[in-house]
Every structure is written in structure tokens, then in C-alpha cells.
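Engineer: Below is the structure I would like to discuss, written out as C-alpha cells.
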2 protein chains.
Amino acid sequence: MEKVREIVREGRRVAKEDPRRVVHSFKVGLVLALVSSFYYYQPLYDSFGVNAMWAVMTVVVVFEFSVGATLGKGLNRVAATLFAGGLGIGAHHLASMSGPTGEPILLAVFVFVQAALSTFVRFFPRVKARYDYSLLIFILTFALISVSGFREEQVVKLTHKRISTVIIGGLSCVIISIFVCPVWAGQDLHSLIASNFEKLSFFLLDFGDKYCEVVENDGAKEVDKRKKDFDNYKSVLNSKSNEESLANFAKWEPGHGQFRFRHPWKQYLAVGELIRQCAYRIHALNSYLNADNQVSVDIKKKLGEPLRRMSLESGKAMKEMSISLKKMTKPSSSDLHVQNAKSACKSLTNLLNSGILKEVEPLELVSLLTAISLLIDIINLTEKILESLHELATAAKFKNKIEHPLFSEKPKAKSFVSVRSIKCHDDHVVIIIEDDGNNDDTSKNDNGSKEVSIHEKHEDDDTHVDARCVSCGHTSVCVK
Amino acid sequence: MEKVREIVREGRRVAKEDPRRVVHSFKVGLVLALVSSFYYYQPLYDSFGVNAMWAVMTVVVVFEFSVGATLGKGLNRVAATLFAGGLGIGAHHLASMSGPTGEPILLAVFVFVQAALSTFVRFFPRVKARYDYSLLIFILTFALISVSGFREEQVVKLTHKRISTVIIGGLSCVIISIFVCPVWAGQDLHSLIASNFEKLSFFLLDFGDKYCEVVENDGAKEVDKRKKDFDNYKSVLNSKSNEESLANFAKWEPGHGQFRFRHPWKQYLAVGELIRQCAYRIHALNSYLNADNQVSVDIKKKLGEPLRRMSLESGKAMKEMSISLKKMTKPSSSDLHVQNAKSACKSLTNLLNSGILKEVEPLELVSLLTAISLLIDIINLTEKILESLHELATAAKFKNKIEHPLFSEKPKAKSFVSVRSIKCHDDHVVIIIEDDGNNDDTSKNDNGSKEVSIHEKHEDDDTHVDARCVSCGHTSVCVK
């Protein structure tokens, strides 16, 4: 009894996690009951006979959760059945010419050679990734057609029936899958990447404060809570296989919603990979939050300001990227945040160069500098991610701006200065500034503060670029 | 023509990578040709009829590369067919009692409910991991039996034939898979973990020298070569899914070679996970080999000795673990290497505490201390891995020693002192020393130097423990 209750609880959890699963189950039941009607109704049964079971089999095997997976599998199955059917008929014809003793021997040889060859080809990495299922169906259909033909003599008729039932089964799956509450793998991939951005931003927005705060002995509870908040990013570490299969399925899908047929799904994988690289760094950084070698309060106070700003600004950049990806607009305001983060890096480097570390204990140093080095890594990666997202935005033709009539009066007061590109090397800083009070930046500011208010208080109004490069004393630009 | 040549080249590469693939392809062809004979020979055809095709289908779908995968899939298929067959007969019986109009409606409802419910259950994570294939076959068989029964009236006879052909197909796969050049997933998992140990050891054995050597401008070639040697460890980063599926298959396998039926495959996953954690650190460490912020020669000279020793000793420990896993003996000598590495850690910490860092540039410091922190992490992980391997050795009843009559005279000259456990905290060192000149340590030394000579020159003779804890000036033991 307890066991049953547990199963019901698990079922509720599974359904709550993604309610589309319940809908999918109903869809499968519906199509299967529909296709089984081939057996019930005399006219349909008369034309297909026992071959109707191929329609049932096709439905069971082909109907997958997303449209892309169903389409991919369906097309693979139909193509492999057609091709193997043709070859099977040829093999049967060839064998039948060799007389009653030669026929079974020749057929056995054909089946052996075909099965061995196809099985071997399935080991090719590129084939395995894409056409594994096709080859399985190819082996199966060839064996069934060429061999069963030995008995029934009417091979062509049989093949014809088998192929039409497979097509009918496949078509029913595809139609129901597309027109009844469709689940698009492309949309799922898009949302997954956006939510991965968000998960990292949650960590980064808080990390600076958490790392620099004076640790008071408020017991294990506080630590536990902190851990829970931060554990969110961990799902990003293992999302690779999920992203890859979604991208694979998405390629099969026709245009839907905001996505065209040849939407650049591959670029999503590139962005996702960089996000994951960043998550690895965050994972390492997280271990320094509760590390044994706690850095002294004194040093934290001195380095606190740039450290906080580095973490906060990279977090804001991630947040903006998440929002712009969700809305499919170009991530224009993230550039600012990345530059802010980089300028904070510079301030930190200058602080370190000013001899602040002389009095720090070596063990503290190891812990402190590793955390700093990881944070710098994360900022560099954030910049790379942004570049990659820009590429995606260009390839997918993301919109340039969003109209926000509600907020449109506010920004007119200021003339906007946008920083188009900043490159900061060790010895020189190049900043290109364009004064354009157009809606491009306006919308981004509105967008940012509006969206973010849902999740947290965001000080988006004092967005500023503070790109000083003191180490070389070369260029100093301040945009407020 | 070029295309064909490329395919042939790819085929050769695939076959060379693992020649068992070719054998497997032949085995599949053989079984399929064998099972197809059901159609050729009158007596067999008479008893099974078209149902013989279920044997063909079972072979195509069930015959996998390893014995474990084939057994697992075969058993899943047979069990699901039996269960669904029984339920299908029940459903058919129930429906037939409701008269000619009610029958098709009731059957459609049964099929719908069964398919929807089973599809939903496939979303349960625990079910998906283990019984996904069973449920697929369950849906399929139930639909085919209950519905086709509507026509043929002899449902029980049909079900009986279907189940026996499925069993015949499954059995042929299992028999050929076990008795003709078997591929054991368990053996593969065992070898994979051992080779992962080896890959990390290659990196660690060389890292210290590479990191500390004075970088002369010997051009890009040297860097390229170094990169190639070191890239070996990268395959460990992504071996998780491979390990998991091998362990999953291995559970189905009967005892084979040195492995009992209930060999602790799960523990292999625990060891593998720790190795991967270590590989992540090595991946990060690798980036400091060619980093921009090169540490000055002066500092490298000063810290070189303990750094080299840390890397070398953890590498040796990995090497020994790889060898002992391959030979299925207890990894006794690795303890020594881990302790040596930890004592080198201590020396390094003391060096750092002695104020050696005062003159180092902050940017150098970031790079240097991050590398040190990673190396310390790696040593701590090596210790954990060793613990986990000890657990595996106990659970799997690894042998204690190997007889090496060829070398048996040599070690008699010395009395062996083995360090059973060293725990080194910040304020005290506990070393338990046992004097036992038994074969335990003898064999390990022989074993080590003999095995290692295959791969590289190994200075195993000067194995030494040098556990000084200068920071507390407490205990100082030197075992040579």
C-alpha cells in the first residue's frame, strides 16, 4: 500500500515537472487506438490484412516526445524501409533465378553479408550519431522481405503493403505530434540555454556579497540556505547531452513560432558549451565560499569593492543575455556590463599591484588569489559568451529593439553614449564611443530594469563604464 | 571515387580501433542467417508460420555489442512479451464477453489506457534508466496481441507462438554472444578505469618538470609536442556516460574471467567519478603550462624541488593504482607515494611561509598560487581515489600479493618498513610504522619497477617517505 502511494506521488511529481508529459501520453494512446482500427474495420482489414500490424509497430516505435524526434525517426524509418524493400526484392529476384536448391543458400548469403556490413557501418561515429536507427530498420526490413518472399511469392505486393502501412503509421504520428499540443525541441533548446544563462547570473549576482561579507557565526542554517540558493548552477554542468539531442531533433522541425526552418541551432550548442565552461569555473569558485582557509576580514574590506563589482557586473551581463535571448533581441546592454566588469578587473589588478598583499599570510593568499583568478576567468568567458551570442543573434536575425511605449518618455531626457567596443590589453586601452540617442540603447535600459524587477532589485539606473587602465596610465574614460 | 576511398579508410580506422567490432558484425550476420532458416525449412515453418519473423526481429533488435547489453535487452524483451501477452489475452477475453458491438470499443479503450499509462510511466527517471525498452515492448505486444486476437480467434495459440519465437531469437543471440568471442562489458569497464588512471599518471609524472623547466625559446614545435603528450587525459573528462552504460550492462553478465557474478561494479563508478574530478583539476592545471603570466625563473628554482616531487609522487601513485587494478591486487605501494606527495606539500607550505613570496609580482602570484592550489587539490583527490580503490579491492576480494620468483632474492637484503597510515593536520603528525619484511611490500616494489619499465624509466628504488612537519616542529620521521 505504501509502495502504491509512493508511485502515485512520483507520478504527480513527474507530471508537475512538465505537464506536457501527460498530454504526450494521451496522444500516444489516441494514435495507437486509431491505428488499431485497421484491424476492426473490414474494408481496411481487407486491403492490408496482417500487415496492418506494421502500422501499430511504427506508431509504438516512432512516436517520440518532441516533433523533431518523431519527424526524424519517422523519416528515417520510411526511407530505410523503402530502400531495404527495393534491395530485398532485388535479392529475392536474383536468388529465384538460381533454382530451388540454390535459392535458400543464396538468400542466406545475402542476409549474412547485408547484416554483417550494416552492423559494421553502425560503428562509424558519424553514422552512429545520425543514422543508427535507419540502419537497424534497414537490416530488419531486408531480412524480412528477402526471406519471407521465399514463401509468399508475391514479394512486390507484400513489400508494397508493408511500406504503405509503415507510411500510414508514421504519418499519423507526425500529424498528431504537430497539430495536437506540439512539443518543439527547438523551443525547448532555446529555453534551456536562456535558463542556463539565468542560473549562472543568480550565482554571480550574489557571489561578491557572499564572498566579501564578514562571516559571523550564525550557525549551520545560514550556510545551508546559502548552499541551496547557489546549487542552481549545478544542473548546467551536465546539460551537454541534453542540449545535443535537442539540437539534433530541432534540425528536423519545420518553422514554428519565432523560429524559421533553418534556424542556426548549431550556434546554440556553441553558446551552451561556453556557458558550461563558465559553470565549471563557478563550480570551482563555489568551493572557496566555504573553504577552510578563510581570507581575513581586513583584506576582504580592501579588495571588496572591485571584487563585488566584478561579480555583480558579470552577473548582470548574464542576466541581460538571458532576457535578450528569451525576447530574441540583440544583447546590446550586456556589452556595457562586461566592460564594467573588465574595468573592475583593472581596478583590482591595480590594488594588487599597490602592494596590498605584502602582509597577507601565504595560505590566505592561495585561497584569495585562486578565487580572483577564477573570477577573472569567468569575466573573460562572459565576454566570449557575449561574442558567441552576438553571432547567434546575427545568424538568427534577432530584432534590434523592442518598442516600450509605456516607458518611452523617460529616456528622452538624456543623450545616450554607447560604448561600441573596448579592448583592454596590458599596455593600451582602445575605446570607441558613439553618441547616438536612438531607441537602441533606450529600449535596452527599459527592458533591463523592467525584466529584472521581477527577480530582484537591480540598480540599472546607475549603469556606468569606468574603464581606467592605471597600470599604464594611458587612457581614462568615464561614461555615466 | 574519392568518397569511396574515404569510406574504406574510415572503415579501416574503425576496425583498427577495436577489432572486436569486425567479429561482432560477423556474429550478427551469422545469427540472422541462422534464424532466417526458420523460413527455409518446412518443418520449422510449419510449426511457426509467419510468426518466425518475430525471431528475426528479436535478433536484429536485441543483439548488442557486449554480452551484458545483449542479455539485458533479451531478458527485458522476453519478460515484457510474456507479461504483455498474458494481459493481452485477458483483455481479449474480457472484450469478447461484451458482444460484437462492444468488443471493438472495449478493445480500443484497453489499448488507449494501456498505451497512455505505459508511456507516462516511461517518464519516471528510475524506469527510464532501466526498463525503457521493456515498456516499449510491453506497449507493442499488448496492442498486437489484444487487437490481432480480434481477428484470429486463436489468441492463446498465437501468443504462444509469438513468445516462443521471441525466446528462440533471444536465446540464439545470447548463446552466440557468450560463446563466440564474447565481449564482456565488465572487462571493458575494468580496463577503462585502469587506463584512465594511466592517462592521469602520464600527465602528473611529467608536469613538475615541464612546469619548472626554464622556458627557452625553442619555438612552437616543442609546445606542440608537449601539448600532444598531455592531451591524453582529456578523454577522461567525458568518460562518465561510457562508464555508466558499461556498469549497467556488466550487472547482467554472469561471472567471467577474474570477475564473479556480483562483482562490485558500482564501486568502479565511484572510483571513476573521483578520477574524473581529478581530471578536471588537471585540465585547469594544464592551462597554466602555457599561460601568459609566466612565473619567473627565480621563483621556479626556489619552489621547484617540492613542486616536482608533489607532481611526480602523485603521478607514481596513479601509476601504481593503474597497475594494481590491472593485476587485481591490493594497491599497497600507492600509500607510500601519496604520503611522499603530502610531505612534499608540507615542504612547499613551509617554503611559502618562509617569506619567499614577498618579492613576487602580484600577477605572477595569481598564476603561481593557482597552480599550487590545484596541485594540492589533486594530491588530496589522489588520496581519496586511493581510499576508494582500497574499498573496491576489499569488496572485489583482490589478491594481497603476487609471487615473483625471479626477483625474490633481491629484497631480502633489506628489512622493510611500511608506513601504514600518516595523518598530517596543521598541528600534529601521527605516523604508525610497522616493521614487516614480508612479501607484501617486496612484491609491490618488484611489481612497480617491472611494470613501469615498459612505459618509462622509473626511479622506484629511491622510494622514500619524508614526512616532516616543520610548521609545528612536532614529529619528524624519515624512512628510506
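Letters A, B, ... mark the chains of the C-alpha cells in the order given; residue numbers begin at 1 per chain; ligand numbers begin at 1, in order shown.
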As a PyMOL selection string, please: all residues of segment 74-256 of chain A that backbone DSSP puts in alpha helix (DSSP H).

Structural biologist: chain A and resi 74-96+99-121+125-152+155-179+185-212+219-230+234-237+240-250

Engineer: Contacts between chain A and chain B, please, where a residue of chain B counts if it comes within 7 Å (with only C-alpha atoms); show its shortest atom pair and distance in Å to one decimal, rows by chain and ascending number, as a tab-separated table.

Structural biologist:
```
residue	atom	partner	partner_atom	distance
B:Val14	CA	A:Phe124	CA	6.5
B:Arg21	CA	A:Phe120	CA	6.7
B:Val22	CA	A:Phe120	CA	6.5
B:Ser25	CA	A:Ala116	CA	4.4
B:Phe26	CA	A:Ala116	CA	5.2
B:Val28	CA	A:Ala116	CA	6.1
B:Gly29	CA	A:Phe112	CA	4.2
B:Leu30	CA	A:Phe112	CA	6.0
B:Leu32	CA	A:Phe112	CA	6.7
B:Ala33	CA	A:Ala108	CA	5.2
B:Ser36	CA	A:Val147	CA	6.7
B:Tyr39	CA	A:Ser148	CA	6.8
B:Tyr40	CA	A:Pro104	CA	6.4
B:Met53	CA	A:Leu144	CA	6.7
B:Met57	CA	A:Leu140	CA	6.4
B:Val60	CA	A:Leu140	CA	6.2
B:Pro104	CA	A:Tyr40	CA	6.4
B:Ala108	CA	A:Ala33	CA	5.2
B:Val111	CA	A:Ala33	CA	5.9
B:Phe112	CA	A:Gly29	CA	4.2
B:Val113	CA	A:Gly29	CA	6.6
B:Ala115	CA	A:Gly29	CA	4.8
B:Ala116	CA	A:Ser25	CA	4.4
B:Leu117	CA	A:Ser25	CA	6.9
B:Thr119	CA	A:Ser25	CA	5.3
B:Phe120	CA	A:Ser25	CA	5.4
B:Phe124	CA	A:Val14	CA	6.5
B:Leu140	CA	A:Val60	CA	6.1
B:Leu144	CA	A:Met53	CA	6.7
B:Val147	CA	A:Ser36	CA	6.7
B:Ser148	CA	A:Tyr39	CA	6.8
B:Leu352	CA	A:Pro362	CA	6.0
B:Asn353	CA	A:Pro362	CA	5.9
B:Lys358	CA	A:Lys358	CA	6.2
B:Pro362	CA	A:Asn353	CA	5.9
B:Val366	CA	A:Leu369	CA	5.2
B:Leu369	CA	A:Val366	CA	5.2
B:Thr370	CA	A:Thr370	CA	4.8
B:Ser373	CA	A:Val366	CA	6.3
```

Engineer: Grab the residues selected above and save them as a short mmCIF file (atom, residue, chain, number, x, y, z; two decimals), in the first residue's frame with N, CA, C and O atoms.

Structural biologist:
```cif
data_model
loop_
_atom_site.label_atom_id
_atom_site.label_comp_id
_atom_site.auth_asym_id
_atom_site.auth_seq_id
_atom_site.Cartn_x
_atom_site.Cartn_y
_atom_site.Cartn_z
N VAL B 14 38.04 2.39 -38.04
CA VAL B 14 37.08 1.87 -37.06
C VAL B 14 37.44 0.45 -36.66
O VAL B 14 37.39 0.09 -35.48
N ARG B 21 34.94 -5.24 -33.24
CA ARG B 21 33.79 -4.77 -34.00
C ARG B 21 33.56 -5.61 -35.25
O ARG B 21 32.41 -5.89 -35.61
N VAL B 22 34.64 -5.99 -35.89
CA VAL B 22 34.52 -6.82 -37.10
C VAL B 22 33.92 -8.17 -36.73
O VAL B 22 33.00 -8.66 -37.39
N SER B 25 30.25 -7.91 -36.11
CA SER B 25 29.46 -7.82 -37.33
C SER B 25 29.23 -9.21 -37.93
O SER B 25 28.12 -9.55 -38.36
N PHE B 26 30.30 -10.03 -37.92
CA PHE B 26 30.15 -11.38 -38.44
C PHE B 26 29.16 -12.18 -37.60
O PHE B 26 28.35 -12.95 -38.13
N VAL B 28 26.59 -11.10 -35.89
CA VAL B 28 25.21 -10.69 -36.18
C VAL B 28 24.74 -11.33 -37.48
O VAL B 28 23.64 -11.88 -37.56
N GLY B 29 25.61 -11.25 -38.52
CA GLY B 29 25.25 -11.85 -39.80
C GLY B 29 24.95 -13.33 -39.65
O GLY B 29 23.95 -13.84 -40.18
N LEU B 30 25.80 -14.00 -38.87
CA LEU B 30 25.65 -15.45 -38.66
C LEU B 30 24.31 -15.79 -38.01
O LEU B 30 23.55 -16.63 -38.51
N LEU B 32 21.63 -14.01 -37.78
CA LEU B 32 20.48 -13.63 -38.59
C LEU B 32 20.24 -14.65 -39.70
O LEU B 32 19.09 -15.05 -39.97
N ALA B 33 21.33 -15.10 -40.35
CA ALA B 33 21.20 -16.11 -41.40
C ALA B 33 20.64 -17.41 -40.81
O ALA B 33 19.81 -18.09 -41.42
N SER B 36 16.95 -16.98 -39.98
CA SER B 36 16.14 -16.91 -41.19
C SER B 36 15.81 -18.31 -41.71
O SER B 36 14.85 -18.50 -42.46
N TYR B 39 12.43 -19.91 -42.08
CA TYR B 39 11.57 -19.77 -43.25
C TYR B 39 11.85 -20.85 -44.28
O TYR B 39 10.99 -21.26 -45.02
N TYR B 40 13.15 -21.25 -44.36
CA TYR B 40 13.53 -22.15 -45.45
C TYR B 40 13.05 -23.58 -45.22
O TYR B 40 12.69 -24.27 -46.15
N MET B 53 8.97 -14.54 -38.15
CA MET B 53 9.59 -13.21 -38.31
C MET B 53 9.89 -12.55 -36.97
O MET B 53 10.75 -11.68 -36.89
N MET B 57 13.15 -10.37 -35.96
CA MET B 57 13.09 -9.05 -35.34
C MET B 57 13.85 -9.02 -34.02
O MET B 57 14.58 -8.07 -33.73
N VAL B 60 17.60 -8.84 -34.61
CA VAL B 60 18.07 -7.53 -35.09
C VAL B 60 18.10 -6.53 -33.94
O VAL B 60 19.04 -5.74 -33.79
N PRO B 104 -15.05 -4.17 -30.20
CA PRO B 104 -14.02 -3.24 -30.71
C PRO B 104 -13.87 -1.99 -29.85
O PRO B 104 -12.76 -1.49 -29.67
N ALA B 108 -10.45 -0.92 -28.03
CA ALA B 108 -9.82 0.38 -28.29
C ALA B 108 -9.54 1.09 -26.97
O ALA B 108 -8.47 1.70 -26.79
N VAL B 111 -6.54 -0.55 -25.29
CA VAL B 111 -5.28 -0.15 -25.94
C VAL B 111 -4.93 1.28 -25.56
O VAL B 111 -3.78 1.59 -25.22
N PHE B 112 -5.93 2.16 -25.58
CA PHE B 112 -5.68 3.56 -25.26
C PHE B 112 -5.14 3.70 -23.83
O PHE B 112 -4.10 4.33 -23.61
N VAL B 113 -5.86 3.08 -22.88
CA VAL B 113 -5.46 3.22 -21.47
C VAL B 113 -4.08 2.64 -21.25
O VAL B 113 -3.20 3.27 -20.63
N ALA B 115 -1.62 2.11 -23.42
CA ALA B 115 -0.55 2.86 -24.09
C ALA B 115 -0.28 4.17 -23.36
O ALA B 115 0.88 4.55 -23.13
N ALA B 116 -1.35 4.89 -22.96
CA ALA B 116 -1.17 6.18 -22.30
C ALA B 116 -0.46 5.99 -20.96
O ALA B 116 0.49 6.71 -20.63
N LEU B 117 -0.90 4.98 -20.20
CA LEU B 117 -0.31 4.74 -18.89
C LEU B 117 1.16 4.35 -19.00
O LEU B 117 2.02 4.89 -18.30
N THR B 119 3.21 4.88 -21.48
CA THR B 119 4.02 5.99 -21.98
C THR B 119 4.35 6.95 -20.85
O THR B 119 5.47 7.46 -20.75
N PHE B 120 3.36 7.20 -19.98
CA PHE B 120 3.60 8.11 -18.87
C PHE B 120 4.64 7.55 -17.90
O PHE B 120 5.54 8.26 -17.46
N PHE B 124 9.20 8.29 -15.76
CA PHE B 124 9.79 8.17 -14.42
C PHE B 124 11.29 7.96 -14.58
O PHE B 124 11.71 7.05 -15.31
N LEU B 140 3.87 -2.50 -27.32
CA LEU B 140 3.78 -3.11 -28.65
C LEU B 140 3.06 -4.45 -28.60
O LEU B 140 2.09 -4.70 -29.32
N LEU B 144 -0.57 -5.53 -30.21
CA LEU B 144 -0.63 -6.52 -31.28
C LEU B 144 -1.46 -7.72 -30.89
O LEU B 144 -2.27 -8.23 -31.67
N VAL B 147 -5.37 -6.81 -30.15
CA VAL B 147 -6.08 -6.39 -31.35
C VAL B 147 -6.11 -7.49 -32.41
O VAL B 147 -7.16 -7.80 -32.97
N SER B 148 -4.97 -8.11 -32.69
CA SER B 148 -4.95 -9.13 -33.74
C SER B 148 -5.80 -10.32 -33.30
O SER B 148 -6.36 -11.03 -34.10
N LEU B 352 56.65 28.52 1.44
CA LEU B 352 55.79 29.68 1.23
C LEU B 352 55.73 30.52 2.50
O LEU B 352 55.75 31.74 2.46
N ASN B 353 55.66 29.81 3.66
CA ASN B 353 55.58 30.52 4.93
C ASN B 353 56.87 31.27 5.27
O ASN B 353 56.87 32.18 6.07
N LYS B 358 57.47 37.35 -0.86
CA LYS B 358 57.44 38.81 -0.67
C LYS B 358 57.79 39.58 -1.94
O LYS B 358 57.24 40.64 -2.22
N PRO B 362 52.45 40.60 -8.15
CA PRO B 362 51.10 40.09 -7.90
C PRO B 362 50.54 39.22 -9.02
O PRO B 362 49.92 38.19 -8.76
N VAL B 366 49.25 35.28 -8.76
CA VAL B 366 47.96 34.69 -9.11
C VAL B 366 48.18 33.38 -9.84
O VAL B 366 47.62 32.34 -9.49
N LEU B 369 50.15 30.70 -7.51
CA LEU B 369 49.40 30.14 -6.38
C LEU B 369 48.19 29.33 -6.84
O LEU B 369 47.80 28.36 -6.20
N THR B 370 47.61 29.72 -7.99
CA THR B 370 46.50 28.92 -8.50
C THR B 370 47.00 27.53 -8.89
O THR B 370 46.37 26.52 -8.58
N SER B 373 47.62 25.63 -5.73
CA SER B 373 46.37 25.22 -5.09
C SER B 373 45.73 24.04 -5.83
O SER B 373 45.20 23.11 -5.23
#
```

Engineer: Which residue is closest to Ala247 of chain B? Choose from B:Phe207, B:Tyr288, B:Tyr233, B:Trp184 and count only C-alpha atoms.

Structural biologist: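 For Ala247 of chain B, the nearest of the given residues is B:Trp184.
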
Engineer: Need to verify the contact set: Leu94 of chain B, 10 Å, only C-alpha atoms, exclusion of same-chain residues closer than 4 positions in sequence. Can you return it as a PyMOL selection string?

Structural biologist: chain B and resi 88-90+98+103+106-107

Engineer: Give me, as a list in words, the residues of segment 264-420 of chain B that a backbone DSSP run labels strand (DSSP E).

Structural biologist: Val417, Ser418, Val419 and Arg420 of chain B

Engineer: Could those selected residues go to a file with C-alpha atoms, as a short mmCIF file (atom, residue, chain, number, x, y, z; two decimals), in the first residue's frame?

Structural biologist:
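Heads up, here's the output in part_20.cif:
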```cif
data_model
loop_
_atom_site.label_atom_id
_atom_site.label_comp_id
_atom_site.auth_asym_id
_atom_site.auth_seq_id
_atom_site.Cartn_x
_atom_site.Cartn_y
_atom_site.Cartn_z
CA VAL B 417 59.44 -0.64 6.93
CA SER B 418 55.95 0.12 5.77
CA VAL B 419 54.06 3.21 6.72
CA ARG B 420 50.53 2.09 7.44
#
```

Engineer: Take atom CA of Asp231 of chain B and atom CA of Glu213 of chain B and report the distance between them in Å, one decimal.

Structural biologist: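 Separation of atom CA of Asp231 of chain B and atom CA of Glu213 of chain B: 19.3 Å.
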
Engineer: What's the separation between atom CA of Phe197 of chain B and atom CA of Ala344 of chain B, in Å to one decimal place?

Structural biologist: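 That distance, rounded to one decimal, is 21.4 Å.
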
Engineer: So how far away is atom CA of Val180 of chain B from atom CA of Arg20 of chain B, in Å?

Structural biologist: 11.1 Å

Engineer: Near Gln187 of chain B, within 10 Å and counting only C-alpha atoms, which residues show up once chain neighbours fewer than 2 positions away are dropped, as an mmCIF file with all heavy atoms, in the first residue's frame?

Structural biologist:
```cif
data_model
loop_
_atom_site.group_PDB
_atom_site.id
_atom_site.type_symbol
_atom_site.label_atom_id
_atom_site.label_comp_id
_atom_site.auth_asym_id
_atom_site.auth_seq_id
_atom_site.Cartn_x
_atom_site.Cartn_y
_atom_site.Cartn_z
ATOM 1 N N VAL B 183 32.354 -10.337 -25.857
ATOM 2 C CA VAL B 183 32.817 -9.005 -25.444
ATOM 3 C C VAL B 183 32.139 -8.717 -24.109
ATOM 4 O O VAL B 183 30.928 -8.512 -24.056
ATOM 5 C CB VAL B 183 32.390 -7.937 -26.469
ATOM 6 C CG1 VAL B 183 32.749 -6.550 -25.957
ATOM 7 C CG2 VAL B 183 33.015 -8.201 -27.815
ATOM 8 N N TRP B 184 32.914 -8.718 -23.026
ATOM 9 C CA TRP B 184 32.326 -8.515 -21.703
ATOM 10 C C TRP B 184 32.366 -7.042 -21.321
ATOM 11 O O TRP B 184 33.438 -6.437 -21.273
ATOM 12 C CB TRP B 184 33.076 -9.332 -20.648
ATOM 13 C CG TRP B 184 33.073 -10.813 -20.908
ATOM 14 C CD1 TRP B 184 34.093 -11.542 -21.438
ATOM 15 C CD2 TRP B 184 32.016 -11.739 -20.661
ATOM 16 N NE1 TRP B 184 33.738 -12.866 -21.532
ATOM 17 C CE2 TRP B 184 32.460 -13.023 -21.065
ATOM 18 C CE3 TRP B 184 30.716 -11.626 -20.144
ATOM 19 C CZ2 TRP B 184 31.673 -14.167 -20.962
ATOM 20 C CZ3 TRP B 184 29.938 -12.764 -20.041
ATOM 21 C CH2 TRP B 184 30.410 -14.006 -20.452
ATOM 22 N N ALA B 185 31.211 -6.494 -21.026
ATOM 23 C CA ALA B 185 31.151 -5.086 -20.617
ATOM 24 C C ALA B 185 31.939 -4.881 -19.326
ATOM 25 O O ALA B 185 32.588 -3.852 -19.142
ATOM 26 C CB ALA B 185 29.706 -4.658 -20.433
ATOM 27 N N LEU B 189 34.864 -2.216 -18.667
ATOM 28 C CA LEU B 189 34.807 -1.190 -17.620
ATOM 29 C C LEU B 189 36.085 -1.217 -16.796
ATOM 30 O O LEU B 189 36.699 -0.174 -16.529
ATOM 31 C CB LEU B 189 33.588 -1.433 -16.724
ATOM 32 C CG LEU B 189 33.418 -0.478 -15.548
ATOM 33 C CD1 LEU B 189 33.220 0.947 -16.028
ATOM 34 C CD2 LEU B 189 32.227 -0.890 -14.684
ATOM 35 N N HIS B 190 36.488 -2.436 -16.416
ATOM 36 C CA HIS B 190 37.711 -2.628 -15.646
ATOM 37 C C HIS B 190 38.914 -2.013 -16.377
ATOM 38 O O HIS B 190 39.682 -1.235 -15.808
ATOM 39 C CB HIS B 190 37.905 -4.138 -15.449
ATOM 40 C CG HIS B 190 39.068 -4.505 -14.591
ATOM 41 N ND1 HIS B 190 38.981 -4.568 -13.223
ATOM 42 C CD2 HIS B 190 40.342 -4.830 -14.907
ATOM 43 C CE1 HIS B 190 40.157 -4.910 -12.731
ATOM 44 N NE2 HIS B 190 40.993 -5.082 -13.726
ATOM 45 N N SER B 191 39.036 -2.307 -17.661
ATOM 46 C CA SER B 191 40.174 -1.791 -18.430
ATOM 47 C C SER B 191 40.083 -0.278 -18.596
ATOM 48 O O SER B 191 41.106 0.416 -18.568
ATOM 49 C CB SER B 191 40.221 -2.427 -19.820
ATOM 50 O OG SER B 191 40.109 -3.810 -19.724
ATOM 51 N N LEU B 192 38.853 0.220 -18.771
ATOM 52 C CA LEU B 192 38.673 1.665 -18.956
ATOM 53 C C LEU B 192 39.164 2.427 -17.739
ATOM 54 O O LEU B 192 39.912 3.410 -17.859
ATOM 55 C CB LEU B 192 37.192 1.977 -19.203
ATOM 56 C CG LEU B 192 36.849 3.453 -19.401
ATOM 57 C CD1 LEU B 192 37.454 3.991 -20.680
ATOM 58 C CD2 LEU B 192 35.342 3.670 -19.420
ATOM 59 N N LEU B 246 28.464 0.974 -19.343
ATOM 60 C CA LEU B 246 29.196 -0.289 -19.177
ATOM 61 C C LEU B 246 28.832 -0.953 -17.844
ATOM 62 O O LEU B 246 28.596 -2.170 -17.790
ATOM 63 C CB LEU B 246 30.706 -0.050 -19.239
ATOM 64 C CG LEU B 246 31.300 0.159 -20.639
ATOM 65 C CD1 LEU B 246 32.785 0.445 -20.557
ATOM 66 C CD2 LEU B 246 31.050 -1.059 -21.522
ATOM 67 N N ALA B 250 27.229 -4.511 -17.311
ATOM 68 C CA ALA B 250 28.030 -5.505 -16.580
ATOM 69 C C ALA B 250 27.189 -6.227 -15.532
ATOM 70 O O ALA B 250 27.424 -7.396 -15.231
ATOM 71 C CB ALA B 250 29.228 -4.824 -15.929
ATOM 72 N N HIS B 256 32.827 -14.083 -15.283
ATOM 73 C CA HIS B 256 33.694 -14.353 -16.435
ATOM 74 C C HIS B 256 35.109 -13.937 -16.068
ATOM 75 O O HIS B 256 35.307 -12.938 -15.398
ATOM 76 C CB HIS B 256 33.221 -13.605 -17.673
ATOM 77 C CG HIS B 256 33.102 -12.124 -17.483
ATOM 78 N ND1 HIS B 256 31.998 -11.544 -16.880
ATOM 79 C CD2 HIS B 256 33.933 -11.117 -17.781
ATOM 80 C CE1 HIS B 256 32.169 -10.234 -16.836
ATOM 81 N NE2 HIS B 256 33.322 -9.937 -17.370
ATOM 82 N N GLY B 257 36.071 -14.711 -16.537
ATOM 83 C CA GLY B 257 37.468 -14.392 -16.252
ATOM 84 C C GLY B 257 37.687 -14.232 -14.760
ATOM 85 O O GLY B 257 37.343 -15.107 -13.962
ATOM 86 N N GLN B 258 38.220 -13.074 -14.362
ATOM 87 C CA GLN B 258 38.521 -12.855 -12.954
ATOM 88 C C GLN B 258 37.324 -12.265 -12.187
ATOM 89 O O GLN B 258 37.452 -11.935 -11.012
ATOM 90 C CB GLN B 258 39.705 -11.881 -12.840
ATOM 91 C CG GLN B 258 40.967 -12.391 -13.522
ATOM 92 C CD GLN B 258 41.917 -11.246 -13.792
ATOM 93 O OE1 GLN B 258 41.615 -10.342 -14.570
ATOM 94 N NE2 GLN B 258 43.059 -11.274 -13.144
ATOM 95 N N PHE B 259 36.206 -12.095 -12.877
ATOM 96 C CA PHE B 259 35.071 -11.408 -12.248
ATOM 97 C C PHE B 259 33.970 -12.385 -11.853
ATOM 98 O O PHE B 259 33.561 -13.209 -12.661
ATOM 99 C CB PHE B 259 34.509 -10.352 -13.186
ATOM 100 C CG PHE B 259 35.555 -9.449 -13.753
ATOM 101 C CD1 PHE B 259 35.986 -9.585 -15.063
ATOM 102 C CD2 PHE B 259 36.144 -8.466 -12.966
ATOM 103 C CE1 PHE B 259 36.965 -8.764 -15.582
ATOM 104 C CE2 PHE B 259 37.127 -7.641 -13.472
ATOM 105 C CZ PHE B 259 37.537 -7.791 -14.784
#
```

Engineer: Can you pull out every residue within 12 Å of Gly186 of chain A, counting only C-alpha atoms, but drop anything in the same chain fewer than 6 positions away, and send it as a PyMOL selection string?

Structural biologist: chain A and resi 66-69+192-193+243-266+268-269
